[in-house]
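Peer 1: Input file: model-v3.cif. Contents: mmCIF, C-alpha atoms.
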data_data
#
loop_
_atom_site.group_PDB
_atom_site.id
_atom_site.type_symbol
_atom_site.label_atom_id
_atom_site.label_comp_id
_atom_site.auth_asym_id
_atom_site.auth_seq_id
_atom_site.Cartn_x
_atom_site.Cartn_y
_atom_site.Cartn_z
ATOM 1 C CA MET A 1 0.000 0.000 0.000
ATOM 2 C CA ILE A 2 2.847 2.385 0.842
ATOM 3 C CA GLY A 3 4.399 1.593 -2.540
ATOM 4 C CA TYR A 4 1.246 2.681 -4.388
ATOM 5 C CA VAL A 5 1.067 5.931 -2.439
ATOM 6 C CA LEU A 6 4.739 6.670 -3.209
ATOM 7 C CA LEU A 7 4.255 5.787 -6.893
ATOM 8 C CA ILE A 8 1.261 8.136 -7.238
ATOM 9 C CA THR A 9 3.097 10.893 -5.331
ATOM 10 C CA PHE A 10 6.142 10.629 -7.590
ATOM 11 C CA ALA A 11 3.945 10.649 -10.702
ATOM 12 C CA ILE A 12 2.228 13.838 -9.543
ATOM 13 C CA ILE A 13 5.553 15.510 -8.685
ATOM 14 C CA ILE A 14 7.061 14.570 -12.073
ATOM 15 C CA SER A 15 3.975 15.863 -13.939
ATOM 16 C CA ILE A 16 4.196 19.209 -12.087
ATOM 17 C CA VAL A 17 7.894 19.540 -12.941
ATOM 18 C CA VAL A 18 7.247 18.722 -16.623
ATOM 19 C CA TYR A 19 4.336 21.195 -16.753
ATOM 20 C CA LYS A 20 6.447 24.009 -15.295
ATOM 21 C CA TRP A 21 9.288 23.221 -17.710
ATOM 22 C CA LEU A 22 7.004 23.153 -20.783
ATOM 23 C CA SER A 23 5.238 26.376 -19.768
ATOM 24 C CA THR A 24 8.519 28.263 -20.261
ATOM 25 C CA TYR A 25 8.236 27.589 -24.021
ATOM 26 C CA VAL A 26 4.811 29.223 -24.377
ATOM 27 C CA PRO A 27 4.963 32.997 -24.970
ATOM 28 C CA LYS A 28 3.279 35.088 -22.304
ATOM 29 C CA GLU A 29 1.952 37.759 -24.696
ATOM 30 C CA GLY A 30 1.090 37.593 -28.365
ATOM 31 C CA ILE A 31 3.357 39.225 -30.908
ATOM 32 C CA GLU A 32 1.892 42.462 -32.220
ATOM 33 C CA CYS A 33 2.783 44.769 -35.046
ATOM 34 C CA PRO A 34 3.924 48.310 -34.327
ATOM 35 C CA ASP A 35 1.339 51.072 -34.739
ATOM 36 C CA GLY A 36 2.935 52.398 -37.935
ATOM 37 C CA VAL A 37 1.762 49.535 -40.194
ATOM 38 C CA GLN A 38 -0.894 50.675 -42.670
ATOM 39 C CA ILE A 39 -1.912 49.647 -46.184
ATOM 40 C CA TYR A 40 -4.794 50.751 -48.392
ATOM 41 C CA VAL A 41 -6.181 50.298 -51.896
ATOM 42 C CA SER A 42 -4.969 53.282 -53.882
ATOM 43 C CA ASP A 43 -6.605 52.129 -57.117
ATOM 44 C CA TYR A 44 -8.616 49.254 -58.526
ATOM 45 C CA ASN A 45 -10.129 48.355 -61.837
ATOM 46 C CA CYS A 46 -12.336 45.528 -62.976
ATOM 47 C CA SER A 47 -13.041 43.864 -66.251
ATOM 48 C CA ASN A 48 -15.153 40.815 -67.029
ATOM 49 C CA SER A 49 -12.835 38.312 -65.407
ATOM 50 C CA THR A 50 -10.026 40.231 -63.700
ATOM 51 C CA LEU A 51 -9.581 42.526 -60.741
ATOM 52 C CA ASN A 52 -6.478 44.697 -60.463
ATOM 53 C CA LEU A 53 -5.736 46.070 -56.996
ATOM 54 C CA THR A 54 -3.020 48.639 -56.418
ATOM 55 C CA LEU A 55 -1.974 48.567 -52.769
ATOM 56 C CA ARG A 56 -0.071 51.431 -51.168
ATOM 57 C CA ASN A 57 1.969 51.169 -47.990
ATOM 58 C CA THR A 58 1.150 54.361 -46.100
ATOM 59 C CA GLY A 59 2.819 53.215 -42.909
ATOM 60 C CA THR A 60 6.379 53.544 -41.667
ATOM 61 C CA PHE A 61 7.363 49.845 -41.816
ATOM 62 C CA ASN A 62 7.911 47.325 -44.618
ATOM 63 C CA ILE A 63 5.085 44.923 -45.430
ATOM 64 C CA ASN A 64 5.874 41.390 -46.589
ATOM 65 C CA GLY A 65 2.409 40.267 -47.620
ATOM 66 C CA THR A 66 -1.323 40.436 -46.992
ATOM 67 C CA TYR A 67 -4.455 38.492 -46.342
ATOM 68 C CA ILE A 68 -7.169 39.671 -48.749
ATOM 69 C CA TYR A 69 -10.838 38.773 -48.325
ATOM 70 C CA TYR A 70 -13.877 39.783 -50.356
ATOM 71 C CA SER A 71 -17.641 39.826 -50.088
ATOM 72 C CA THR A 72 -20.202 39.247 -52.831
ATOM 73 C CA ASN A 73 -23.109 40.517 -50.744
ATOM 74 C CA LYS A 74 -23.845 44.255 -50.505
ATOM 75 C CA SER A 75 -25.344 43.964 -47.043
ATOM 76 C CA GLN A 76 -22.414 41.985 -45.586
ATOM 77 C CA GLU A 77 -20.169 44.263 -43.512
ATOM 78 C CA ILE A 78 -17.249 41.848 -43.098
ATOM 79 C CA ALA A 79 -15.556 40.251 -46.080
ATOM 80 C CA THR A 80 -14.842 36.576 -45.368
ATOM 81 C CA LYS A 81 -14.119 34.876 -48.713
ATOM 82 C CA ASP A 82 -10.458 34.293 -49.522
ATOM 83 C CA LEU A 83 -9.243 36.166 -52.621
ATOM 84 C CA SER A 84 -5.722 34.690 -52.615
ATOM 85 C CA LEU A 85 -6.947 31.551 -54.385
ATOM 86 C CA ASN A 86 -7.582 33.686 -57.485
ATOM 87 C CA LEU A 87 -4.195 35.448 -57.561
ATOM 88 C CA SER A 88 -2.665 35.449 -61.051
ATOM 89 C CA TYR A 89 0.333 37.761 -60.500
ATOM 90 C CA GLY A 90 1.843 40.264 -58.096
ATOM 91 C CA GLY A 91 2.893 37.834 -55.385
ATOM 92 C CA THR A 92 2.799 34.214 -54.299
ATOM 93 C CA ALA A 93 -0.196 32.630 -52.576
ATOM 94 C CA PHE A 94 0.507 30.340 -49.604
ATOM 95 C CA GLY A 95 -2.819 29.061 -48.345
ATOM 96 C CA GLN A 96 -4.803 32.195 -47.516
ATOM 97 C CA GLU A 97 -1.849 34.560 -47.440
ATOM 98 C CA ILE A 98 -0.240 36.443 -50.296
ATOM 99 C CA ARG A 99 3.468 37.017 -49.869
ATOM 100 C CA PHE A 100 5.260 39.592 -51.949
ATOM 101 C CA ASP A 101 8.407 38.602 -53.842
ATOM 102 C CA SER A 102 10.141 41.572 -52.194
ATOM 103 C CA TYR A 103 8.766 43.607 -49.326
ATOM 104 C CA LEU A 104 6.555 46.618 -49.925
ATOM 105 C CA GLU A 105 8.393 49.688 -48.680
ATOM 106 C CA PRO A 106 6.656 52.710 -47.129
ATOM 107 C CA ASN A 107 5.060 55.062 -49.711
ATOM 108 C CA LYS A 108 5.399 52.460 -52.490
ATOM 109 C CA ASN A 109 2.733 50.676 -54.533
ATOM 110 C CA ARG A 110 2.193 47.030 -55.445
ATOM 111 C CA THR A 111 -0.304 45.811 -58.037
ATOM 112 C CA LEU A 112 -2.024 42.457 -57.614
ATOM 113 C CA ASN A 113 -4.087 40.802 -60.342
ATOM 114 C CA PHE A 114 -6.884 38.334 -59.616
ATOM 115 C CA ASN A 115 -9.014 36.144 -61.863
ATOM 116 C CA ILE A 116 -12.491 36.629 -60.447
ATOM 117 C CA ASN A 117 -14.532 34.645 -62.988
ATOM 118 C CA ALA A 118 -17.606 36.898 -62.996
ATOM 119 C CA SER A 119 -18.000 37.037 -59.208
ATOM 120 C CA LYS A 120 -19.641 40.271 -58.102
ATOM 121 C CA ILE A 121 -17.323 41.830 -55.553
ATOM 122 C CA TYR A 122 -18.629 44.627 -53.339
ATOM 123 C CA LEU A 123 -16.187 44.767 -50.422
ATOM 124 C CA ILE A 124 -12.498 43.957 -49.942
ATOM 125 C CA ARG A 125 -10.750 43.593 -46.567
ATOM 126 C CA ILE A 126 -6.952 43.629 -46.376
ATOM 127 C CA LEU A 127 -4.788 42.588 -43.435
ATOM 128 C CA PRO A 128 -1.087 43.407 -43.840
ATOM 129 C CA MET A 129 1.622 41.138 -42.457
ATOM 130 C CA ARG A 130 5.329 41.587 -41.868
ATOM 131 C CA TYR A 131 8.369 39.816 -40.531
ATOM 132 C CA GLN A 132 9.359 40.998 -37.102
ATOM 133 C CA ILE A 133 12.302 40.123 -34.850
ATOM 134 C CA GLU A 134 11.128 38.737 -31.512
ATOM 135 C CA LYS A 135 13.671 37.268 -29.072
ATOM 136 C CA ASN A 136 16.277 37.053 -31.839
ATOM 137 C CA LYS A 137 13.915 35.077 -34.108
ATOM 138 C CA GLU A 138 12.228 36.341 -37.249
ATOM 139 C CA ARG A 139 8.482 35.748 -37.058
ATOM 140 C CA LEU A 140 5.656 36.469 -39.467
ATOM 141 C CA VAL A 141 3.037 38.669 -37.773
ATOM 142 C CA VAL A 142 -0.436 39.595 -39.034
ATOM 143 C CA CYS A 143 -1.155 43.255 -38.348
ATOM 144 C CA GLY A 144 -4.810 43.508 -37.372
ATOM 145 C CA ASN A 145 -4.300 47.137 -36.361
ATOM 146 C CA GLY A 146 -3.387 47.976 -39.984
ATOM 147 C CA GLU A 147 -6.541 46.445 -41.480
ATOM 148 C CA THR A 148 -8.306 48.330 -44.246
ATOM 149 C CA LYS A 149 -11.632 47.926 -46.055
ATOM 150 C CA GLN A 150 -12.484 49.097 -49.548
ATOM 151 C CA ILE A 151 -15.986 49.258 -50.973
ATOM 152 C CA ILE A 152 -15.941 48.325 -54.641
ATOM 153 C CA ASN A 153 -18.702 49.687 -56.822
ATOM 154 C CA TYR A 154 -19.953 46.490 -58.439
ATOM 155 C CA CYS A 155 -17.041 44.550 -59.823
ATOM 156 C CA PRO A 156 -17.359 43.417 -62.618
#
Please express what this file holds, its structure, as structure tokens.

Peer 2:
Amino acid sequence: MIGYVLLITFAIIISIVVYKWLSTYVPKEGIECPDGVQIYVSDYNCSNSTLNLTLRNTGTFNINGTYIYYSTNKSQEIATKDLSLNLSYGGTAFGQEIRFDSYLEPNKNRTLNFNINASKIYLIRILPMRYQIEKNKERLVVCGNGETKQIINYCP
């Protein structure tokens, strides 16, 4: 009986030690972008099957890519459909994100072209992302504070 009590006690002590050790690997706070990250749609044009977006970095930091979502419903206030699947040039799509071949510097433009296949687009939402050094490691961070929305007047 004493052996079982000791075995359970040691198991509990070892699990507490392992928990404390593993909790040192979990970051305490999330990584956030600085306040100077901002991007907006400086120009767009639509044809029957393509959408050209010209993005402008109006912030003070480089931007390495974006998440771009769209809405096909006029009454929908938040765009939720992924536009990166339709990217034809201007960057490289990785899942839902679009990474630029070279970063977008402040006060510079980048044009992205999408094949939209006759979808009616009314709203576009853009979330910029950038690489940031955190504890001597380069990490990709999505900048929710630099989000922008653009109402498109019936595209196409």

Peer 1: Show which residues sit within 12 Å of Arg99 of chain A, as a ChimeraX atom specification. Count only C-alpha atoms, and ignore same-chain residues fewer than 5 positions away.

Peer 2: /A:63-68,84,87,89-94,104,110,112,127-131,140,142

Peer 1: If you apply the PyMOL selection byres ((chain A and resi 71) around 9) to this file, what residues do you get, as a short mmCIF file (atom, residue, chain, number, x, y, z; two decimals) with C-alpha atoms, keeping the file's coordinate frame?

Peer 2:
data_model
loop_
_atom_site.label_atom_id
_atom_site.label_comp_id
_atom_site.auth_asym_id
_atom_site.auth_seq_id
_atom_site.Cartn_x
_atom_site.Cartn_y
_atom_site.Cartn_z
CA TYR A 69 -10.84 38.77 -48.32
CA TYR A 70 -13.88 39.78 -50.36
CA THR A 72 -20.20 39.25 -52.83
CA ASN A 73 -23.11 40.52 -50.74
CA LYS A 74 -23.84 44.26 -50.50
CA GLN A 76 -22.41 41.98 -45.59
CA GLU A 77 -20.17 44.26 -43.51
CA ILE A 78 -17.25 41.85 -43.10
CA ALA A 79 -15.56 40.25 -46.08
CA THR A 80 -14.84 36.58 -45.37
CA LYS A 81 -14.12 34.88 -48.71
CA LYS A 120 -19.64 40.27 -58.10
CA ILE A 121 -17.32 41.83 -55.55
CA TYR A 122 -18.63 44.63 -53.34
CA LEU A 123 -16.19 44.77 -50.42
CA ILE A 124 -12.50 43.96 -49.94
CA ARG A 125 -10.75 43.59 -46.57
#

Peer 1: Taking only C-alpha atoms into account, which of A:Thr9, A:Asn117, A:Asn136, A:Ser75 comes nearest Thr50 of chain A?

Peer 2: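 The answer is A:Asn117, which sits nearest to Thr50 of chain A.
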
Peer 1: Which value, in Å to one decimal, gives the distance between atom CA of Val41 of chain A and atom CA of Thr148 of chain A?

Peer 2: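 So the answer is 8.2 Å.
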
Peer 1: One decimal, in Å: what's the spacing between atom CA of Asn48 of chain A and atom CA of Ser102 of chain A?

Peer 2: 29.3 Å

Peer 1: Would you work out the distance separating atom CA of Leu85 of chain A from atom CA of Gln132 of chain A, expressed in Å to one decimal?

Peer 2: 25.6 Å

Peer 1: Taking all atoms listed in the file into account, name the residue in A:Ile16, A:Leu83, A:Val26, A:Val37 that is nearest to Phe61 of chain A.

Peer 2: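 Ranking A:Ile16, A:Leu83, A:Val26, A:Val37 by distance to Phe61 of chain A, first place goes to A:Val37.
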
Peer 1: Counting all atoms listed in the file, figure out which residue out of A:Ile14, A:Ile31, A:Asn113, A:Gly95 gets nearest to Lys137 of chain A.

Peer 2: A:Ile31

Peer 1: I'd like to know which of A:Asn57, A:Ser23, A:Asn45, A:Asn52 is closest to Glu147 of chain A, using all atoms listed in the file.

Peer 2: A:Asn57

Peer 1: For Thr58 of chain A, which of A:Lys108, A:Ile98, A:Gln150, A:Lys28 is the closest residue, counting all atoms listed in the file?

Peer 2: A:Lys108

Peer 1: Measuring between all atoms listed in the file, which one of A:Thr60, A:Pro106, A:Ile8, A:Arg139 shows the shortest distance to Gly30 of chain A?

Peer 2: A:Arg139

Peer 1: Run the PyMOL selection byres ((chain A and resi 42) around 8) mentally over the shown coordinates, then write out the matched residues as a ChimeraX atom specification, using the chain letters and numbers from the document.

Peer 2: /A:40-41,43-44,53-56

Peer 1: With 8 Å of padding per side, what axis-aligned box (centre and edge lengths, Å, one decimal) covers all the listed atoms of segment 14-30 of chain A? Give it as lines of an AutoDock Vina configuration file.

Peer 2:
center_x = 5.2
center_y = 26.2
center_z = -20.2
size_x = 24.2
size_y = 39.2
size_z = 32.3

Peer 1: Would you fill the gaps in segment 87-106 of chain A so it has N, CA and C atoms, then print it as a PDB file, in the coordinates of the input?

Peer 2:
ATOM      1  N   LEU A  87      -5.334  34.608 -57.205  1.00  0.00           N
ATOM      2  CA  LEU A  87      -4.195  35.448 -57.561  1.00  0.00           C
ATOM      3  C   LEU A  87      -3.538  34.942 -58.838  1.00  0.00           C
ATOM      4  N   SER A  88      -3.352  35.848 -59.815  1.00  0.00           N
ATOM      5  CA  SER A  88      -2.665  35.449 -61.051  1.00  0.00           C
ATOM      6  C   SER A  88      -1.254  36.023 -61.121  1.00  0.00           C
ATOM      7  N   TYR A  89      -1.033  37.251 -60.622  1.00  0.00           N
ATOM      8  CA  TYR A  89       0.333  37.761 -60.500  1.00  0.00           C
ATOM      9  C   TYR A  89       0.395  38.894 -59.485  1.00  0.00           C
ATOM     10  N   GLY A  90       1.622  39.199 -59.061  1.00  0.00           N
ATOM     11  CA  GLY A  90       1.843  40.264 -58.096  1.00  0.00           C
ATOM     12  C   GLY A  90       2.381  39.750 -56.777  1.00  0.00           C
ATOM     13  N   GLY A  91       2.406  38.449 -56.614  1.00  0.00           N
ATOM     14  CA  GLY A  91       2.893  37.834 -55.385  1.00  0.00           C
ATOM     15  C   GLY A  91       2.730  36.335 -55.479  1.00  0.00           C
ATOM     16  N   THR A  92       2.928  35.664 -54.355  1.00  0.00           N
ATOM     17  CA  THR A  92       2.799  34.214 -54.299  1.00  0.00           C
ATOM     18  C   THR A  92       1.798  33.867 -53.209  1.00  0.00           C
ATOM     19  N   ALA A  93       0.823  33.025 -53.539  1.00  0.00           N
ATOM     20  CA  ALA A  93      -0.196  32.630 -52.576  1.00  0.00           C
ATOM     21  C   ALA A  93       0.268  31.385 -51.822  1.00  0.00           C
ATOM     22  N   PHE A  94       0.223  31.466 -50.490  1.00  0.00           N
ATOM     23  CA  PHE A  94       0.507  30.340 -49.604  1.00  0.00           C
ATOM     24  C   PHE A  94      -0.713  30.143 -48.727  1.00  0.00           C
ATOM     25  N   GLY A  95      -1.580  29.223 -49.103  1.00  0.00           N
ATOM     26  CA  GLY A  95      -2.819  29.061 -48.345  1.00  0.00           C
ATOM     27  C   GLY A  95      -3.663  30.306 -48.525  1.00  0.00           C
ATOM     28  N   GLN A  96      -3.996  30.986 -47.439  1.00  0.00           N
ATOM     29  CA  GLN A  96      -4.803  32.195 -47.516  1.00  0.00           C
ATOM     30  C   GLN A  96      -3.966  33.458 -47.598  1.00  0.00           C
ATOM     31  N   GLU A  97      -2.677  33.352 -47.442  1.00  0.00           N
ATOM     32  CA  GLU A  97      -1.849  34.560 -47.440  1.00  0.00           C
ATOM     33  C   GLU A  97      -1.197  34.786 -48.795  1.00  0.00           C
ATOM     34  N   ILE A  98      -0.953  36.048 -49.084  1.00  0.00           N
ATOM     35  CA  ILE A  98      -0.240  36.443 -50.296  1.00  0.00           C
ATOM     36  C   ILE A  98       1.066  37.078 -49.843  1.00  0.00           C
ATOM     37  N   ARG A  99       2.166  36.451 -50.213  1.00  0.00           N
ATOM     38  CA  ARG A  99       3.468  37.017 -49.869  1.00  0.00           C
ATOM     39  C   ARG A  99       4.049  37.691 -51.099  1.00  0.00           C
ATOM     40  N   PHE A 100       4.639  38.850 -50.867  1.00  0.00           N
ATOM     41  CA  PHE A 100       5.260  39.592 -51.949  1.00  0.00           C
ATOM     42  C   PHE A 100       6.649  39.030 -52.209  1.00  0.00           C
ATOM     43  N   ASP A 101       7.078  39.100 -53.482  1.00  0.00           N
ATOM     44  CA  ASP A 101       8.407  38.602 -53.842  1.00  0.00           C
ATOM     45  C   ASP A 101       9.497  39.416 -53.143  1.00  0.00           C
ATOM     46  N   SER A 102       9.276  40.707 -53.002  1.00  0.00           N
ATOM     47  CA  SER A 102      10.141  41.572 -52.194  1.00  0.00           C
ATOM     48  C   SER A 102       9.207  42.436 -51.361  1.00  0.00           C
ATOM     49  N   TYR A 103       9.663  42.885 -50.219  1.00  0.00           N
ATOM     50  CA  TYR A 103       8.766  43.607 -49.326  1.00  0.00           C
ATOM     51  C   TYR A 103       8.292  44.919 -49.942  1.00  0.00           C
ATOM     52  N   LEU A 104       7.149  45.362 -49.473  1.00  0.00           N
ATOM     53  CA  LEU A 104       6.555  46.618 -49.925  1.00  0.00           C
ATOM     54  C   LEU A 104       7.005  47.720 -48.978  1.00  0.00           C
ATOM     55  N   GLU A 105       7.823  48.609 -49.486  1.00  0.00           N
ATOM     56  CA  GLU A 105       8.393  49.688 -48.680  1.00  0.00           C
ATOM     57  C   GLU A 105       7.347  50.774 -48.415  1.00  0.00           C
ATOM     58  N   PRO A 106       7.566  51.589 -47.384  1.00  0.00           N
ATOM     59  CA  PRO A 106       6.656  52.710 -47.129  1.00  0.00           C
ATOM     60  C   PRO A 106       6.570  53.654 -48.334  1.00  0.00           C
TER      61      PRO A 106
END
